[in-house]
$ cat entry_35.pdb   # PDB, C-alpha atoms
MODEL        1
ATOM      1  CA  ALA M   1    -256.483-111.403-120.955
ATOM      2  CA  PRO M   2    -258.128-110.149-124.128
ATOM      3  CA  THR M   3    -261.762-109.134-124.466
ATOM      4  CA  VAL M   4    -263.451-111.800-126.607
ATOM      5  CA  SER M   5    -266.529-111.438-128.774
ATOM      6  CA  ARG M   6    -268.049-114.140-130.951
ATOM      7  CA  SER M   7    -270.867-114.117-133.437
ATOM      8  CA  PRO M   8    -272.445-116.677-135.756
ATOM      9  CA  SER M   9    -273.117-115.699-139.355
ATOM     10  CA  TRP M  10    -275.191-117.453-141.992
ATOM     11  CA  SER M  11    -275.372-117.302-145.776
ATOM     12  CA  THR M  12    -279.020-116.733-146.662
ATOM     13  CA  ASP M  13    -280.896-115.208-149.596
ATOM     14  CA  VAL M  14    -284.087-113.387-148.665
ATOM     15  CA  LYS M  15    -286.412-112.153-151.411
ATOM     16  CA  ALA M  16    -289.687-110.268-151.110
ATOM     17  CA  ALA M  17    -292.591-110.803-153.500
ATOM     18  CA  ARG M  18    -294.745-107.892-154.643
ATOM     19  CA  SER M  19    -297.362-109.068-152.169
ATOM     20  CA  GLY M  20    -294.853-108.449-149.371
ATOM     21  CA  LYS M  21    -294.371-112.114-148.538
ATOM     22  CA  ARG M  22    -290.736-112.967-147.896
ATOM     23  CA  TYR M  23    -288.998-116.094-149.105
ATOM     24  CA  ALA M  24    -285.698-117.262-147.675
ATOM     25  CA  ARG M  25    -283.142-119.843-148.764
ATOM     26  CA  ALA M  26    -280.307-120.945-146.492
ATOM     27  CA  HIS M  27    -277.021-121.915-148.150
ATOM     28  CA  TRP M  28    -275.420-123.418-145.047
ATOM     29  CA  SER M  29    -276.659-125.973-142.524
ATOM     30  CA  TYR M  30    -274.546-124.470-139.735
ATOM     31  CA  PRO M  31    -272.960-121.041-139.160
ATOM     32  CA  ARG M  32    -269.474-119.678-139.562
ATOM     33  CA  TRP M  33    -268.299-118.229-136.233
ATOM     34  CA  THR M  34    -266.333-114.980-136.083
ATOM     35  CA  PHE M  35    -264.145-114.157-133.086
ATOM     36  CA  LYS M  36    -262.675-110.779-132.169
ATOM     37  CA  LEU M  37    -259.954-110.586-129.550
ATOM     38  CA  GLN M  38    -259.169-107.098-128.306
ATOM     39  CA  TYR M  39    -255.947-106.688-126.406
ATOM     40  CA  GLU M  40    -256.205-103.528-124.341
ATOM     41  CA  PHE M  41    -252.637-103.778-123.274
ATOM     42  CA  MET M  42    -249.617-105.939-123.891
ATOM     43  CA  ARG M  43    -246.351-105.344-122.135
ATOM     44  CA  SER M  44    -243.430-104.548-124.361
ATOM     45  CA  GLY M  45    -240.644-104.590-121.778
ATOM     46  CA  SER M  46    -239.225-107.567-123.577
ATOM     47  CA  PHE M  47    -241.652-107.151-126.489
ATOM     48  CA  GLN M  48    -242.599-110.769-125.731
ATOM     49  CA  GLU M  49    -246.436-110.581-125.785
ATOM     50  CA  VAL M  50    -246.551-108.378-128.886
ATOM     51  CA  GLU M  51    -243.866-110.465-130.535
ATOM     52  CA  SER M  52    -245.763-113.724-129.813
ATOM     53  CA  LEU M  53    -248.942-112.365-131.399
ATOM     54  CA  LEU M  54    -247.105-111.019-134.451
ATOM     55  CA  GLY M  55    -245.098-114.227-134.785
ATOM     56  CA  PHE M  56    -248.212-116.436-134.764
ATOM     57  CA  PHE M  57    -249.926-114.196-137.319
ATOM     58  CA  ASN M  58    -246.858-114.239-139.581
ATOM     59  CA  GLN M  59    -246.345-118.014-139.262
ATOM     60  CA  HIS M  60    -249.771-118.443-140.869
ATOM     61  CA  GLY M  61    -249.253-115.805-143.541
ATOM     62  CA  GLY M  62    -252.110-113.676-142.254
ATOM     63  CA  ASP M  63    -255.270-115.083-143.813
ATOM     64  CA  TYR M  64    -253.376-117.636-145.948
ATOM     65  CA  ASP M  65    -253.248-120.681-143.663
ATOM     66  CA  THR M  66    -255.669-122.208-141.149
ATOM     67  CA  TRP M  67    -254.937-123.161-137.555
ATOM     68  CA  LEU M  68    -256.683-124.831-134.622
ATOM     69  CA  PHE M  69    -258.343-122.641-131.987
ATOM     70  CA  ARG M  70    -259.130-123.989-128.524
ATOM     71  CA  ASP M  71    -262.003-121.783-127.387
ATOM     72  CA  PRO M  72    -261.746-121.476-123.590
ATOM     73  CA  ASP M  73    -265.542-121.082-123.333
ATOM     74  CA  ALA M  74    -266.767-123.654-125.874
ATOM     75  CA  ARG M  75    -264.420-126.586-126.273
ATOM     76  CA  LEU M  76    -266.129-129.481-124.488
ATOM     77  CA  ALA M  77    -268.991-131.675-125.643
ATOM     78  CA  THR M  78    -270.548-133.672-122.808
ATOM     79  CA  ARG M  79    -272.821-136.599-123.671
ATOM     80  CA  VAL M  80    -273.968-135.055-126.955
ATOM     81  CA  GLN M  81    -276.212-137.374-128.947
ATOM     82  CA  PHE M  82    -274.988-137.868-132.514
ATOM     83  CA  GLY M  83    -277.146-140.729-133.736
ATOM     84  CA  THR M  84    -279.570-143.570-133.204
ATOM     85  CA  GLY M  85    -278.622-147.099-134.157
ATOM     86  CA  ASP M  86    -280.395-148.647-137.139
ATOM     87  CA  GLY M  87    -278.565-151.998-137.174
ATOM     88  CA  VAL M  88    -276.693-151.001-140.371
ATOM     89  CA  THR M  89    -274.890-147.670-139.937
ATOM     90  CA  THR M  90    -271.423-147.822-138.354
ATOM     91  CA  SER M  91    -270.173-144.210-138.785
ATOM     92  CA  TRP M  92    -271.566-140.864-137.649
ATOM     93  CA  GLN M  93    -270.417-137.260-137.437
ATOM     94  CA  LEU M  94    -269.614-136.029-133.914
ATOM     95  CA  LEU M  95    -271.664-133.003-132.883
ATOM     96  CA  ARG M  96    -271.540-130.214-130.345
ATOM     97  CA  ASN M  97    -274.640-128.736-128.723
ATOM     98  CA  ILE M  98    -274.916-124.952-128.543
ATOM     99  CA  GLY M  99    -278.143-124.072-126.770
ATOM    100  CA  GLY M 100    -280.015-126.919-128.436
ATOM    101  CA  PHE M 101    -278.483-126.317-131.895
ATOM    102  CA  LEU M 102    -276.349-129.243-133.066
ATOM    103  CA  GLU M 103    -273.264-128.438-135.111
ATOM    104  CA  PRO M 104    -270.660-130.834-136.584
ATOM    105  CA  VAL M 105    -267.252-131.121-134.920
ATOM    106  CA  LYS M 106    -264.383-131.877-137.274
ATOM    107  CA  GLU M 107    -261.288-131.377-135.122
ATOM    108  CA  VAL M 108    -261.196-133.582-132.020
ATOM    109  CA  ASP M 109    -258.805-132.756-129.174
ATOM    110  CA  GLY M 110    -257.776-135.998-127.474
ATOM    111  CA  ALA M 111    -259.781-139.038-126.457
ATOM    112  CA  VAL M 112    -263.493-139.565-127.086
ATOM    113  CA  THR M 113    -265.734-141.473-124.697
ATOM    114  CA  ALA M 114    -268.522-143.047-126.756
ATOM    115  CA  TYR M 115    -271.769-144.401-125.323
ATOM    116  CA  ALA M 116    -274.457-146.731-126.684
ATOM    117  CA  ASN M 117    -277.651-146.641-124.611
ATOM    118  CA  GLY M 118    -275.722-145.104-121.714
ATOM    119  CA  SER M 119    -272.920-147.696-121.603
ATOM    120  CA  VAL M 120    -269.355-146.895-122.603
ATOM    121  CA  THR M 121    -268.517-148.577-125.893
ATOM    122  CA  THR M 122    -265.468-148.855-128.148
ATOM    123  CA  ALA M 123    -265.195-146.762-131.291
ATOM    124  CA  THR M 124    -262.509-145.160-133.420
ATOM    125  CA  VAL M 125    -262.491-141.463-134.275
ATOM    126  CA  ASP M 126    -260.820-139.601-137.105
ATOM    127  CA  VAL M 127    -259.504-136.545-135.237
ATOM    128  CA  HIS M 128    -259.502-134.386-138.402
ATOM    129  CA  THR M 129    -263.019-135.175-139.687
ATOM    130  CA  GLY M 130    -264.889-135.943-136.462
ATOM    131  CA  LEU M 131    -266.227-139.209-137.877
ATOM    132  CA  ILE M 132    -266.797-141.836-135.199
ATOM    133  CA  THR M 133    -266.888-145.460-136.353
ATOM    134  CA  PHE M 134    -267.981-148.614-134.552
ATOM    135  CA  ALA M 135    -266.666-152.088-135.453
ATOM    136  CA  ALA M 136    -270.236-153.368-135.618
ATOM    137  CA  ALA M 137    -273.432-151.452-136.294
ATOM    138  CA  PRO M 138    -275.177-150.445-133.045
ATOM    139  CA  ALA M 139    -278.535-152.104-132.404
ATOM    140  CA  VAL M 140    -281.758-150.633-133.752
ATOM    141  CA  GLY M 141    -282.884-147.803-131.471
ATOM    142  CA  ALA M 142    -279.574-147.575-129.562
ATOM    143  CA  VAL M 143    -278.954-143.950-128.535
ATOM    144  CA  MET M 144    -275.404-142.956-129.487
ATOM    145  CA  ASP M 145    -273.684-140.093-127.646
ATOM    146  CA  ALA M 146    -270.165-139.008-126.765
ATOM    147  CA  SER M 147    -268.072-136.765-124.546
ATOM    148  CA  PHE M 148    -264.927-135.117-125.912
ATOM    149  CA  ALA M 149    -262.925-131.919-126.306
ATOM    150  CA  TYR M 150    -262.551-130.203-129.657
ATOM    151  CA  PHE M 151    -260.824-127.462-131.597
ATOM    152  CA  GLN M 152    -262.229-125.154-134.228
ATOM    153  CA  ARG M 153    -260.301-124.759-137.480
ATOM    154  CA  CYS M 154    -259.909-121.023-138.067
ATOM    155  CA  ARG M 155    -258.386-118.493-140.421
ATOM    156  CA  PHE M 156    -257.505-114.832-139.826
ATOM    157  CA  ASN M 157    -259.988-112.520-141.566
ATOM    158  CA  ARG M 158    -257.361-110.122-142.894
ATOM    159  CA  SER M 159    -253.863-110.179-144.337
ATOM    160  CA  ASN M 160    -252.623-107.437-142.026
ATOM    161  CA  LEU M 161    -252.437-107.086-138.252
ATOM    162  CA  GLU M 162    -252.191-103.732-136.571
ATOM    163  CA  THR M 163    -250.701-103.201-133.121
ATOM    164  CA  GLU M 164    -250.348 -99.816-131.491
ATOM    165  CA  ARG M 165    -248.011 -98.604-128.769
ATOM    166  CA  PHE M 166    -250.067 -96.163-126.709
ATOM    167  CA  LEU M 167    -247.667 -95.685-123.765
ATOM    168  CA  ALA M 168    -243.959 -96.246-123.308
ATOM    169  CA  ASP M 169    -244.235 -99.974-122.541
ATOM    170  CA  LEU M 170    -247.861-100.773-123.406
ATOM    171  CA  TRP M 171    -249.384-101.966-126.681
ATOM    172  CA  LYS M 172    -252.926-102.719-127.860
ATOM    173  CA  GLY M 173    -254.390-104.504-130.855
ATOM    174  CA  GLN M 174    -257.267-106.499-132.238
ATOM    175  CA  VAL M 175    -257.314-109.907-133.918
ATOM    176  CA  GLU M 176    -260.284-111.137-135.934
ATOM    177  CA  PHE M 177    -260.689-114.671-137.245
ATOM    178  CA  SER M 178    -263.439-117.027-138.380
ATOM    179  CA  THR M 179    -264.103-120.731-138.398
ATOM    180  CA  GLU M 180    -263.682-122.687-141.608
ATOM    181  CA  LYS M 181    -266.412-124.895-143.023
TER     182      LYS M 181
ENDMDL
END

$ encode --input "entry_35.pdb" --output "structure tokens"
Amino acid sequence: APTVSRSPSWSTDVKAARSGKRYARAHWSYPRWTFKLQYEFMRSGSFQEVESLLGFFNQHGGDYDTWLFRDPDARLATRVQFGTGDGVTTSWQLLRNIGGFLEPVKEVDGAVTAYANGSVTTATVDVHTGLITFAAAPAVGAVMDASFAYFQRCRFNRSNLETERFLADLWKGQVEFSTEK
């Protein structure tokens, strides 16, 4: 299995006044996540593991096309609150909770269990936008939450991929990609 690292990055301008006071302006409301997968060894007896990695990279034209990543460590949202009923609104954005920080989910993986005030309720979900819609507006004050699995839409960070054979039948390499907004 590869070694995985992940890091959030933000787009922020920070300026300092002559007095020394700093002023900051955030351009994004949620981060872009960068993943690095380091393969310390891949067997090349049949060249299958190396070939699979290279094939996937080439199918997407390096950093040309996006693809869906199922993060083995962060792919489930369990009872994450996404809204409070106001008697009018019928659609909300699904969210994931990362240590108390709520971030929109746009690519849903399978069924969504929606709740209104703790009771399972019926709703439709657009699996490519993460918008959840109810046939009728939930009651004023109704707490809306959901449980679901999700993907992250990603793109490779470079147009080239380097693999290295370091022993007769062993290869290593690194893949870096980031989420799309």

$ resolve_selection --input "entry_35.pdb" --expression "the PyMOL selection byres ((chain M and resi 70-86) around 6)" --output "number ranges by chain"
M: 69, 87-88, 94-96, 138-151

$ closest_residue --input "entry_35.pdb" --among "M:Asn58, M:Thr122, M:Ser19, M:Ser9" --to "Thr34 in chain M" --atoms "all atoms listed in the file"
M:Ser9

$ atom_distance --input "entry_35.pdb" --atom1 "CA of Glu162 in chain M" --atom2 "CA of Asp65 in chain M"
18.4 Å

$ residues_near_point --input "entry_35.pdb" --point "(-259.9, -107.5, -134.0)" --cutoff "8 Å" --atoms "only C-alpha atoms" --output "mmCIF file with C-alpha atoms, keeping the file's coordinate frame"
data_model
loop_
_atom_site.group_PDB
_atom_site.id
_atom_site.type_symbol
_atom_site.label_atom_id
_atom_site.label_comp_id
_atom_site.auth_asym_id
_atom_site.auth_seq_id
_atom_site.Cartn_x
_atom_site.Cartn_y
_atom_site.Cartn_z
ATOM 1 C CA PHE M 35 -264.145 -114.157 -133.086
ATOM 2 C CA LYS M 36 -262.675 -110.779 -132.169
ATOM 3 C CA LEU M 37 -259.954 -110.586 -129.550
ATOM 4 C CA GLN M 38 -259.169 -107.098 -128.306
ATOM 5 C CA GLY M 173 -254.390 -104.504 -130.855
ATOM 6 C CA GLN M 174 -257.267 -106.499 -132.238
ATOM 7 C CA VAL M 175 -257.314 -109.907 -133.918
ATOM 8 C CA GLU M 176 -260.284 -111.137 -135.934
ATOM 9 C CA PHE M 177 -260.689 -114.671 -137.245
#

$ resolve_selection --input "entry_35.pdb" --expression "the PyMOL selection byres ((chain M and resi 103-108) around 9)" --output "ChimeraX atom specification"
/M:29-31,68,93-98,101-102,109-112,125-131,148-153

$ atom_distance --input "entry_35.pdb" --atom1 "CA of Thr12 in chain M" --atom2 "CA of Trp28 in chain M"
7.8 Å

$ atom_distance --input "entry_35.pdb" --atom1 "CA of Pro2 in chain M" --atom2 "CA of Tyr39 in chain M"
4.7 Å

$ closest_residue --input "entry_35.pdb" --among "M:Trp10, M:Arg155, M:Glu49, M:Thr90" --to "Ala135 in chain M" --atoms "all atoms listed in the file"
M:Thr90

$ resolve_selection --input "entry_35.pdb" --expression "the PyMOL selection byres ((chain M and resi 179) around 6)" --output "short mmCIF file (atom, residue, chain, number, x, y, z; two decimals) with C-alpha atoms, in the frame of the given file"
data_model
loop_
_atom_site.label_atom_id
_atom_site.label_comp_id
_atom_site.auth_asym_id
_atom_site.auth_seq_id
_atom_site.Cartn_x
_atom_site.Cartn_y
_atom_site.Cartn_z
CA ARG M 32 -269.47 -119.68 -139.56
CA TRP M 33 -268.30 -118.23 -136.23
CA ARG M 153 -260.30 -124.76 -137.48
CA CYS M 154 -259.91 -121.02 -138.07
CA SER M 178 -263.44 -117.03 -138.38
CA GLU M 180 -263.68 -122.69 -141.61
#

$ closest_residue --input "entry_35.pdb" --among "M:Phe134, M:Phe57, M:Tyr64, M:Tyr115" --to "Ser91 in chain M" --atoms "all atoms listed in the file"
M:Phe134

$ axis_aligned_box --input "entry_35.pdb" --around "range 141-148 of chain M" --padding-each-side "4 Å" --output "JSON"
{"center_x": -273.9, "center_y": -141.5, "center_z": -128.0, "size_x": 26.0, "size_y": 20.7, "size_z": 14.9}

$ decode --input "entry_35.pdb" --residues "range 43-72 of chain M" --atoms "N, CA, C and O atoms" --output "PDB file, in the first residue's frame"
ATOM      1  N   ARG M  43       5.679  -4.342  -7.782  1.00  0.00           N
ATOM      2  CA  ARG M  43       6.275  -5.509  -8.429  1.00  0.00           C
ATOM      3  C   ARG M  43       6.143  -5.396  -9.952  1.00  0.00           C
ATOM      4  O   ARG M  43       5.116  -5.009 -10.465  1.00  0.00           O
ATOM      5  N   SER M  44       7.202  -5.752 -10.621  1.00  0.00           N
ATOM      6  CA  SER M  44       7.152  -5.647 -12.080  1.00  0.00           C
ATOM      7  C   SER M  44       7.249  -7.009 -12.753  1.00  0.00           C
ATOM      8  O   SER M  44       7.474  -7.065 -13.949  1.00  0.00           O
ATOM      9  N   GLY M  45       7.065  -8.087 -11.987  1.00  0.00           N
ATOM     10  CA  GLY M  45       7.141  -9.413 -12.585  1.00  0.00           C
ATOM     11  C   GLY M  45       6.269  -9.506 -13.814  1.00  0.00           C
ATOM     12  O   GLY M  45       6.671 -10.011 -14.851  1.00  0.00           O
ATOM     13  N   SER M  46       5.075  -9.013 -13.718  1.00  0.00           N
ATOM     14  CA  SER M  46       4.212  -8.946 -14.889  1.00  0.00           C
ATOM     15  C   SER M  46       4.000  -7.487 -15.301  1.00  0.00           C
ATOM     16  O   SER M  46       3.219  -7.205 -16.189  1.00  0.00           O
ATOM     17  N   PHE M  47       4.696  -6.589 -14.620  1.00  0.00           N
ATOM     18  CA  PHE M  47       4.607  -5.153 -14.862  1.00  0.00           C
ATOM     19  C   PHE M  47       3.206  -4.636 -14.566  1.00  0.00           C
ATOM     20  O   PHE M  47       2.853  -3.525 -14.896  1.00  0.00           O
ATOM     21  N   GLN M  48       2.373  -5.458 -13.893  1.00  0.00           N
ATOM     22  CA  GLN M  48       0.963  -5.154 -13.729  1.00  0.00           C
ATOM     23  C   GLN M  48       0.697  -3.928 -12.845  1.00  0.00           C
ATOM     24  O   GLN M  48      -0.103  -3.073 -13.213  1.00  0.00           O
ATOM     25  N   GLU M  49       1.337  -3.817 -11.678  1.00  0.00           N
ATOM     26  CA  GLU M  49       1.073  -2.669 -10.802  1.00  0.00           C
ATOM     27  C   GLU M  49       1.559  -1.367 -11.426  1.00  0.00           C
ATOM     28  O   GLU M  49       0.862  -0.357 -11.407  1.00  0.00           O
ATOM     29  N   VAL M  50       2.763  -1.376 -11.990  1.00  0.00           N
ATOM     30  CA  VAL M  50       3.303  -0.191 -12.639  1.00  0.00           C
ATOM     31  C   VAL M  50       2.446   0.157 -13.848  1.00  0.00           C
ATOM     32  O   VAL M  50       2.090   1.310 -14.067  1.00  0.00           O
ATOM     33  N   GLU M  51       2.098  -0.855 -14.614  1.00  0.00           N
ATOM     34  CA  GLU M  51       1.287  -0.641 -15.805  1.00  0.00           C
ATOM     35  C   GLU M  51      -0.085  -0.073 -15.459  1.00  0.00           C
ATOM     36  O   GLU M  51      -0.592   0.816 -16.159  1.00  0.00           O
ATOM     37  N   SER M  52      -0.706  -0.535 -14.373  1.00  0.00           N
ATOM     38  CA  SER M  52      -2.017  -0.009 -13.954  1.00  0.00           C
ATOM     39  C   SER M  52      -1.922   1.468 -13.603  1.00  0.00           C
ATOM     40  O   SER M  52      -2.779   2.268 -13.993  1.00  0.00           O
ATOM     41  N   LEU M  53      -0.897   1.843 -12.854  1.00  0.00           N
ATOM     42  CA  LEU M  53      -0.707   3.246 -12.483  1.00  0.00           C
ATOM     43  C   LEU M  53      -0.477   4.107 -13.722  1.00  0.00           C
ATOM     44  O   LEU M  53      -1.117   5.148 -13.898  1.00  0.00           O
ATOM     45  N   LEU M  54       0.425   3.675 -14.593  1.00  0.00           N
ATOM     46  CA  LEU M  54       0.706   4.437 -15.813  1.00  0.00           C
ATOM     47  C   LEU M  54      -0.522   4.509 -16.726  1.00  0.00           C
ATOM     48  O   LEU M  54      -0.808   5.549 -17.321  1.00  0.00           O
ATOM     49  N   GLY M  55      -1.248   3.422 -16.817  1.00  0.00           N
ATOM     50  CA  GLY M  55      -2.458   3.400 -17.643  1.00  0.00           C
ATOM     51  C   GLY M  55      -3.506   4.388 -17.153  1.00  0.00           C
ATOM     52  O   GLY M  55      -4.098   5.132 -17.943  1.00  0.00           O
ATOM     53  N   PHE M  56      -3.748   4.420 -15.836  1.00  0.00           N
ATOM     54  CA  PHE M  56      -4.730   5.353 -15.278  1.00  0.00           C
ATOM     55  C   PHE M  56      -4.298   6.799 -15.528  1.00  0.00           C
ATOM     56  O   PHE M  56      -5.101   7.639 -15.940  1.00  0.00           O
ATOM     57  N   PHE M  57      -3.034   7.085 -15.301  1.00  0.00           N
ATOM     58  CA  PHE M  57      -2.500   8.428 -15.534  1.00  0.00           C
ATOM     59  C   PHE M  57      -2.687   8.830 -16.999  1.00  0.00           C
ATOM     60  O   PHE M  57      -3.145   9.931 -17.303  1.00  0.00           O
ATOM     61  N   ASN M  58      -2.357   7.922 -17.912  1.00  0.00           N
ATOM     62  CA  ASN M  58      -2.459   8.218 -19.340  1.00  0.00           C
ATOM     63  C   ASN M  58      -3.903   8.315 -19.822  1.00  0.00           C
ATOM     64  O   ASN M  58      -4.210   9.109 -20.719  1.00  0.00           O
ATOM     65  N   GLN M  59      -4.808   7.537 -19.240  1.00  0.00           N
ATOM     66  CA  GLN M  59      -6.225   7.624 -19.615  1.00  0.00           C
ATOM     67  C   GLN M  59      -6.797   9.009 -19.337  1.00  0.00           C
ATOM     68  O   GLN M  59      -7.743   9.440 -19.993  1.00  0.00           O
ATOM     69  N   HIS M  60      -6.222   9.712 -18.370  1.00  0.00           N
ATOM     70  CA  HIS M  60      -6.709  11.043 -18.006  1.00  0.00           C
ATOM     71  C   HIS M  60      -5.830  12.158 -18.567  1.00  0.00           C
ATOM     72  O   HIS M  60      -6.025  13.327 -18.232  1.00  0.00           O
ATOM     73  N   GLY M  61      -4.887  11.787 -19.412  1.00  0.00           N
ATOM     74  CA  GLY M  61      -4.035  12.787 -20.049  1.00  0.00           C
ATOM     75  C   GLY M  61      -3.225  13.588 -19.048  1.00  0.00           C
ATOM     76  O   GLY M  61      -3.069  14.796 -19.189  1.00  0.00           O
ATOM     77  N   GLY M  62      -2.710  12.914 -18.026  1.00  0.00           N
ATOM     78  CA  GLY M  62      -1.978  13.626 -16.981  1.00  0.00           C
ATOM     79  C   GLY M  62      -2.917  14.571 -16.249  1.00  0.00           C
ATOM     80  O   GLY M  62      -3.941  14.146 -15.734  1.00  0.00           O
ATOM     81  N   ASP M  63      -2.610  15.854 -16.280  1.00  0.00           N
ATOM     82  CA  ASP M  63      -3.433  16.833 -15.569  1.00  0.00           C
ATOM     83  C   ASP M  63      -4.567  17.405 -16.422  1.00  0.00           C
ATOM     84  O   ASP M  63      -5.199  18.385 -16.044  1.00  0.00           O
ATOM     85  N   TYR M  64      -4.866  16.755 -17.557  1.00  0.00           N
ATOM     86  CA  TYR M  64      -5.926  17.259 -18.444  1.00  0.00           C
ATOM     87  C   TYR M  64      -7.330  17.006 -17.896  1.00  0.00           C
ATOM     88  O   TYR M  64      -8.152  17.913 -17.837  1.00  0.00           O
ATOM     89  N   ASP M  65      -7.620  15.790 -17.494  1.00  0.00           N
ATOM     90  CA  ASP M  65      -8.990  15.399 -17.154  1.00  0.00           C
ATOM     91  C   ASP M  65      -9.122  15.107 -15.658  1.00  0.00           C
ATOM     92  O   ASP M  65      -8.163  14.694 -15.010  1.00  0.00           O
ATOM     93  N   THR M  66     -10.321  15.292 -15.131  1.00  0.00           N
ATOM     94  CA  THR M  66     -10.591  14.993 -13.721  1.00  0.00           C
ATOM     95  C   THR M  66     -11.098  13.571 -13.568  1.00  0.00           C
ATOM     96  O   THR M  66     -11.508  12.927 -14.546  1.00  0.00           O
ATOM     97  N   TRP M  67     -11.101  13.095 -12.343  1.00  0.00           N
ATOM     98  CA  TRP M  67     -11.563  11.751 -12.018  1.00  0.00           C
ATOM     99  C   TRP M  67     -12.027  11.744 -10.572  1.00  0.00           C
ATOM    100  O   TRP M  67     -11.779  12.679  -9.815  1.00  0.00           O
ATOM    101  N   LEU M  68     -12.744  10.695 -10.187  1.00  0.00           N
ATOM    102  CA  LEU M  68     -13.296  10.592  -8.841  1.00  0.00           C
ATOM    103  C   LEU M  68     -12.399   9.738  -7.959  1.00  0.00           C
ATOM    104  O   LEU M  68     -12.054   8.618  -8.313  1.00  0.00           O
ATOM    105  N   PHE M  69     -12.038  10.294  -6.802  1.00  0.00           N
ATOM    106  CA  PHE M  69     -11.166   9.629  -5.836  1.00  0.00           C
ATOM    107  C   PHE M  69     -11.994   9.225  -4.622  1.00  0.00           C
ATOM    108  O   PHE M  69     -12.701  10.040  -4.048  1.00  0.00           O
ATOM    109  N   ARG M  70     -11.911   7.958  -4.260  1.00  0.00           N
ATOM    110  CA  ARG M  70     -12.564   7.453  -3.054  1.00  0.00           C
ATOM    111  C   ARG M  70     -11.489   7.349  -1.979  1.00  0.00           C
ATOM    112  O   ARG M  70     -10.726   6.394  -1.943  1.00  0.00           O
ATOM    113  N   ASP M  71     -11.429   8.355  -1.132  1.00  0.00           N
ATOM    114  CA  ASP M  71     -10.428   8.417  -0.068  1.00  0.00           C
ATOM    115  C   ASP M  71     -10.753   7.335   0.964  1.00  0.00           C
ATOM    116  O   ASP M  71     -11.824   7.347   1.555  1.00  0.00           O
ATOM    117  N   PRO M  72      -9.847   6.402   1.204  1.00  0.00           N
ATOM    118  CA  PRO M  72     -10.153   5.327   2.158  1.00  0.00           C
ATOM    119  C   PRO M  72     -10.301   5.831   3.599  1.00  0.00           C
ATOM    120  O   PRO M  72     -10.929   5.173   4.417  1.00  0.00           O
TER     121      PRO M  72
END
